[in-house]
>>> print(open('start39.txt').read())   # compact mmCIF, N, CA and C atoms and all ligand atoms
# COMPACT_ATOMS: atom_id res chain seq x y z
N MET A 75 -3.04 24.83 43.50
CA MET A 75 -3.00 25.93 42.54
C MET A 75 -1.56 26.38 42.34
N ILE A 76 -1.23 26.65 41.09
CA ILE A 76 0.10 27.13 40.74
C ILE A 76 -0.08 28.46 40.03
N ARG A 77 0.73 29.43 40.41
CA ARG A 77 0.64 30.73 39.74
C ARG A 77 1.92 30.98 38.96
N ALA A 78 1.78 31.58 37.81
CA ALA A 78 2.95 31.92 36.99
C ALA A 78 2.64 33.19 36.20
N LYS A 79 3.68 33.72 35.61
CA LYS A 79 3.50 34.92 34.80
C LYS A 79 3.60 34.56 33.32
N LYS A 80 2.83 35.27 32.55
CA LYS A 80 2.87 35.10 31.09
C LYS A 80 4.31 35.24 30.60
N ASP A 81 4.71 34.37 29.72
CA ASP A 81 6.01 34.38 29.05
C ASP A 81 7.18 34.05 29.99
N GLU A 82 6.91 33.65 31.24
CA GLU A 82 8.01 33.21 32.08
C GLU A 82 8.15 31.70 31.93
N LYS A 83 9.38 31.24 32.15
CA LYS A 83 9.61 29.81 32.04
C LYS A 83 9.00 29.11 33.25
N ILE A 84 8.16 28.13 32.99
CA ILE A 84 7.48 27.38 34.05
C ILE A 84 8.07 25.99 34.08
N LYS A 85 8.53 25.59 35.23
CA LYS A 85 9.06 24.23 35.37
C LYS A 85 8.21 23.49 36.38
N LEU A 86 7.65 22.38 35.96
CA LEU A 86 6.89 21.51 36.86
C LEU A 86 7.63 20.18 36.96
N VAL A 87 7.66 19.64 38.16
CA VAL A 87 8.22 18.31 38.36
C VAL A 87 7.12 17.45 38.98
N MET A 88 6.71 16.47 38.24
CA MET A 88 5.69 15.56 38.74
C MET A 88 6.37 14.38 39.41
N LYS A 89 5.93 14.05 40.62
CA LYS A 89 6.46 12.88 41.32
C LYS A 89 5.31 11.90 41.50
N SER A 90 5.47 10.73 40.92
CA SER A 90 4.47 9.68 41.10
C SER A 90 4.81 8.91 42.36
N ALA A 91 4.05 9.16 43.40
CA ALA A 91 4.41 8.60 44.70
C ALA A 91 3.93 7.16 44.85
N ASP A 92 2.69 6.89 44.41
CA ASP A 92 2.07 5.62 44.78
C ASP A 92 1.86 4.68 43.62
N GLN A 93 1.60 5.23 42.44
CA GLN A 93 1.33 4.40 41.26
C GLN A 93 1.60 5.23 40.02
N MET A 94 1.25 4.70 38.84
CA MET A 94 1.51 5.42 37.59
C MET A 94 0.60 6.64 37.47
N HIS A 95 1.20 7.74 37.02
CA HIS A 95 0.43 8.95 36.74
C HIS A 95 1.03 9.65 35.52
N ASN A 96 0.26 10.56 34.97
CA ASN A 96 0.81 11.48 33.98
C ASN A 96 0.27 12.87 34.29
N LEU A 97 0.59 13.81 33.43
CA LEU A 97 0.12 15.18 33.67
C LEU A 97 -0.13 15.86 32.34
N ASN A 98 -1.28 16.47 32.23
CA ASN A 98 -1.68 17.11 30.98
C ASN A 98 -2.25 18.49 31.26
N ILE A 99 -1.90 19.42 30.36
CA ILE A 99 -2.57 20.73 30.35
C ILE A 99 -2.95 20.96 28.89
N ASP A 100 -4.15 20.62 28.56
CA ASP A 100 -4.56 20.57 27.15
C ASP A 100 -4.36 21.90 26.43
N GLU A 101 -4.81 22.99 27.06
CA GLU A 101 -4.79 24.28 26.37
C GLU A 101 -3.38 24.75 26.05
N LEU A 102 -2.40 24.25 26.81
CA LEU A 102 -1.02 24.70 26.61
C LEU A 102 -0.17 23.66 25.91
N GLY A 103 -0.77 22.55 25.53
CA GLY A 103 -0.03 21.52 24.83
C GLY A 103 0.99 20.80 25.68
N VAL A 104 0.79 20.80 27.00
CA VAL A 104 1.72 20.14 27.91
C VAL A 104 1.25 18.71 28.15
N LYS A 105 2.15 17.75 27.96
CA LYS A 105 1.78 16.35 28.15
C LYS A 105 2.99 15.60 28.67
N LEU A 106 2.93 15.21 29.93
CA LEU A 106 4.01 14.41 30.50
C LEU A 106 3.66 12.94 30.33
N PRO A 107 4.65 12.11 30.03
CA PRO A 107 4.37 10.69 29.83
C PRO A 107 3.97 10.00 31.12
N ILE A 108 3.42 8.81 30.97
CA ILE A 108 3.09 7.99 32.14
C ILE A 108 4.38 7.71 32.90
N THR A 109 4.33 7.98 34.18
CA THR A 109 5.51 7.88 35.03
C THR A 109 5.22 6.91 36.17
N LYS A 110 6.10 5.93 36.32
CA LYS A 110 5.86 4.87 37.30
C LYS A 110 6.05 5.36 38.73
N ALA A 111 5.48 4.61 39.65
CA ALA A 111 5.61 4.92 41.07
C ALA A 111 7.08 5.06 41.45
N GLY A 112 7.37 6.09 42.21
CA GLY A 112 8.73 6.31 42.68
C GLY A 112 9.58 7.14 41.74
N ASN A 113 9.06 7.43 40.54
CA ASN A 113 9.82 8.21 39.56
C ASN A 113 9.29 9.63 39.47
N THR A 114 10.12 10.50 38.93
CA THR A 114 9.72 11.88 38.71
C THR A 114 9.86 12.20 37.22
N ALA A 115 9.10 13.18 36.78
CA ALA A 115 9.18 13.62 35.39
C ALA A 115 9.08 15.14 35.37
N PRO A 116 10.07 15.80 34.80
CA PRO A 116 10.02 17.26 34.73
C PRO A 116 9.50 17.74 33.37
N VAL A 117 8.98 18.95 33.35
CA VAL A 117 8.63 19.59 32.08
C VAL A 117 8.85 21.08 32.23
N GLU A 118 9.35 21.70 31.18
CA GLU A 118 9.51 23.15 31.15
C GLU A 118 8.76 23.69 29.95
N PHE A 119 8.06 24.78 30.16
CA PHE A 119 7.33 25.38 29.05
C PHE A 119 7.09 26.85 29.37
N VAL A 120 6.67 27.57 28.36
CA VAL A 120 6.34 28.98 28.49
C VAL A 120 4.90 29.15 28.02
N SER A 121 4.12 29.87 28.79
CA SER A 121 2.75 30.14 28.36
C SER A 121 2.65 31.57 27.85
N SER A 122 2.28 31.71 26.60
CA SER A 122 2.02 33.05 26.07
C SER A 122 0.56 33.42 26.27
N LYS A 123 -0.20 32.48 26.86
CA LYS A 123 -1.61 32.74 27.12
C LYS A 123 -1.81 33.12 28.58
N ILE A 124 -2.73 34.03 28.83
CA ILE A 124 -3.15 34.38 30.17
C ILE A 124 -4.46 33.65 30.45
N GLY A 125 -4.58 33.13 31.66
CA GLY A 125 -5.84 32.47 31.99
C GLY A 125 -5.66 31.42 33.06
N GLU A 126 -6.72 30.67 33.27
CA GLU A 126 -6.69 29.56 34.23
C GLU A 126 -6.80 28.26 33.46
N PHE A 127 -5.84 27.39 33.69
CA PHE A 127 -5.76 26.16 32.93
C PHE A 127 -5.77 24.97 33.88
N GLU A 128 -6.57 24.00 33.56
CA GLU A 128 -6.64 22.81 34.40
C GLU A 128 -5.49 21.86 34.04
N TYR A 129 -4.82 21.35 35.06
CA TYR A 129 -3.90 20.24 34.82
C TYR A 129 -4.49 19.00 35.48
N TYR A 130 -4.23 17.85 34.89
CA TYR A 130 -4.88 16.64 35.37
C TYR A 130 -4.12 15.40 34.92
N CYS A 131 -4.41 14.31 35.61
CA CYS A 131 -3.89 12.99 35.24
C CYS A 131 -4.97 12.28 34.42
N SER A 132 -4.58 11.72 33.28
CA SER A 132 -5.58 11.12 32.38
C SER A 132 -5.69 9.61 32.52
N ILE A 133 -5.02 9.04 33.48
CA ILE A 133 -5.06 7.58 33.63
C ILE A 133 -6.35 7.16 34.36
N GLY A 134 -7.03 6.19 33.80
CA GLY A 134 -8.21 5.59 34.44
C GLY A 134 -9.16 6.65 34.96
N GLN A 135 -9.54 6.50 36.20
CA GLN A 135 -10.49 7.43 36.83
C GLN A 135 -9.77 8.50 37.66
N HIS A 136 -8.47 8.66 37.45
CA HIS A 136 -7.70 9.55 38.32
C HIS A 136 -8.23 10.98 38.30
N ARG A 137 -8.57 11.45 37.09
CA ARG A 137 -9.08 12.82 37.00
C ARG A 137 -10.40 12.95 37.76
N ALA A 138 -11.28 11.98 37.54
CA ALA A 138 -12.57 12.00 38.23
C ALA A 138 -12.40 11.89 39.74
N ASN A 139 -11.31 11.26 40.15
CA ASN A 139 -11.06 11.08 41.57
C ASN A 139 -10.28 12.24 42.19
N GLY A 140 -10.11 13.29 41.42
CA GLY A 140 -9.57 14.50 42.02
C GLY A 140 -8.14 14.84 41.69
N GLN A 141 -7.54 14.12 40.74
CA GLN A 141 -6.16 14.45 40.38
C GLN A 141 -6.17 15.57 39.34
N THR A 142 -6.59 16.72 39.80
CA THR A 142 -6.62 17.90 38.95
C THR A 142 -6.16 19.09 39.77
N GLY A 143 -5.82 20.14 39.09
CA GLY A 143 -5.46 21.38 39.75
C GLY A 143 -5.53 22.50 38.74
N THR A 144 -5.19 23.68 39.19
CA THR A 144 -5.29 24.86 38.33
C THR A 144 -3.97 25.58 38.25
N LEU A 145 -3.56 25.86 37.03
CA LEU A 145 -2.42 26.73 36.78
C LEU A 145 -2.98 28.08 36.36
N ILE A 146 -2.61 29.12 37.10
CA ILE A 146 -3.05 30.47 36.76
C ILE A 146 -1.89 31.23 36.17
N VAL A 147 -2.06 31.69 34.95
CA VAL A 147 -1.04 32.51 34.29
C VAL A 147 -1.57 33.93 34.19
N GLU A 148 -0.80 34.89 34.75
CA GLU A 148 -1.29 36.27 34.81
C GLU A 148 -0.33 37.20 34.11
CU CU A 201 -2.96 9.62 38.19
>>> encode(input="start39.txt", output="structure tokens")
Amino acid sequence: MIRAKKDEKIKLVMKSADQMHNLNIDELGVKLPITKAGNTAPVEFVSSKIGEFEYYCSIGQHRANGQTGTLIVE
């Protein structure tokens, strides 16, 4: 779980440790590209929305296998 405040700059750094992954937060329009094992990908964004938003990896069955989490913006 990640917590942030509305209208604050949020910086996430995704590190693909074992294989290719990406990261998506649909409601906030966040979409990190597919990133190969051993690489990192940063993203910065601001959420003007308050709420709980799911982030997930959309590759193959990764989401179904638990590559999800929650970003809480308060
Ligand atoms: Cu993945």
>>> residues_near_ligand(input="start39.txt", ligand="ligand CU 201 (chain A)", cutoff="8 Å", atoms="only C-alpha atoms and all ligand atoms", output="list in words")
Ser90, Gln93, Met94, His95, Asn96, Leu97, Tyr130, Cys131, Ser132, Ile133, Gly134, Gln135, His136, Arg137 and Gln141 of chain A
>>> atom_distance(input="start39.txt", atom1="atom CA of Glu148 of chain A", atom2="atom CA of Lys105 of chain A")
21.2 Å
>>> residues_around(input="start39.txt", residues="segment 85-89 of chain A", least_positions_apart="4", cutoff="10 Å", atoms="only C-alpha atoms", output="list in words")
Ile76, Ala78, Gln93, Met94, His95, Asn96, Leu97, Leu106, Thr109, Lys110, Ala111, Gly112, Asn113, Thr114, Ala115, Pro116, Val117, Glu118, Phe119 and Val120 of chain A
>>> atom_distance(input="start39.txt", atom1="atom N of Ile124 of chain A", atom2="atom CA of Lys79 of chain A")
8.7 Å
>>> select_by_dssp(input="start39.txt", residues="chain A", states="strand (DSSP E)", output="PyMOL selection string")
chain A and resi 76-78+83-89+95-99+104-109+114-120+125-130+142-147
>>> atom_distance(input="start39.txt", atom1="atom C of Thr144 of chain A", atom2="atom C of Phe127 of chain A")
4.8 Å
>>> residues_near_point(input="start39.txt", point="(-5.7, 22.7, 29.8)", cutoff="8 Å", atoms="only C-alpha atoms", output="VMD selection string")
chain A and resid 98 to 103 127 to 129
>>> closest_residue(input="start39.txt", among="A:Ile108, A:Lys123, A:Ile84, A:Met75", to="Gly143 of chain A", atoms="all atoms listed in the file")
A:Met75
>>> closest_residue(input="start39.txt", among="A:Gly140, A:Ser121, A:Asp92, A:Val104", to="Lys80 of chain A", atoms="all atoms listed in the file")
A:Ser121
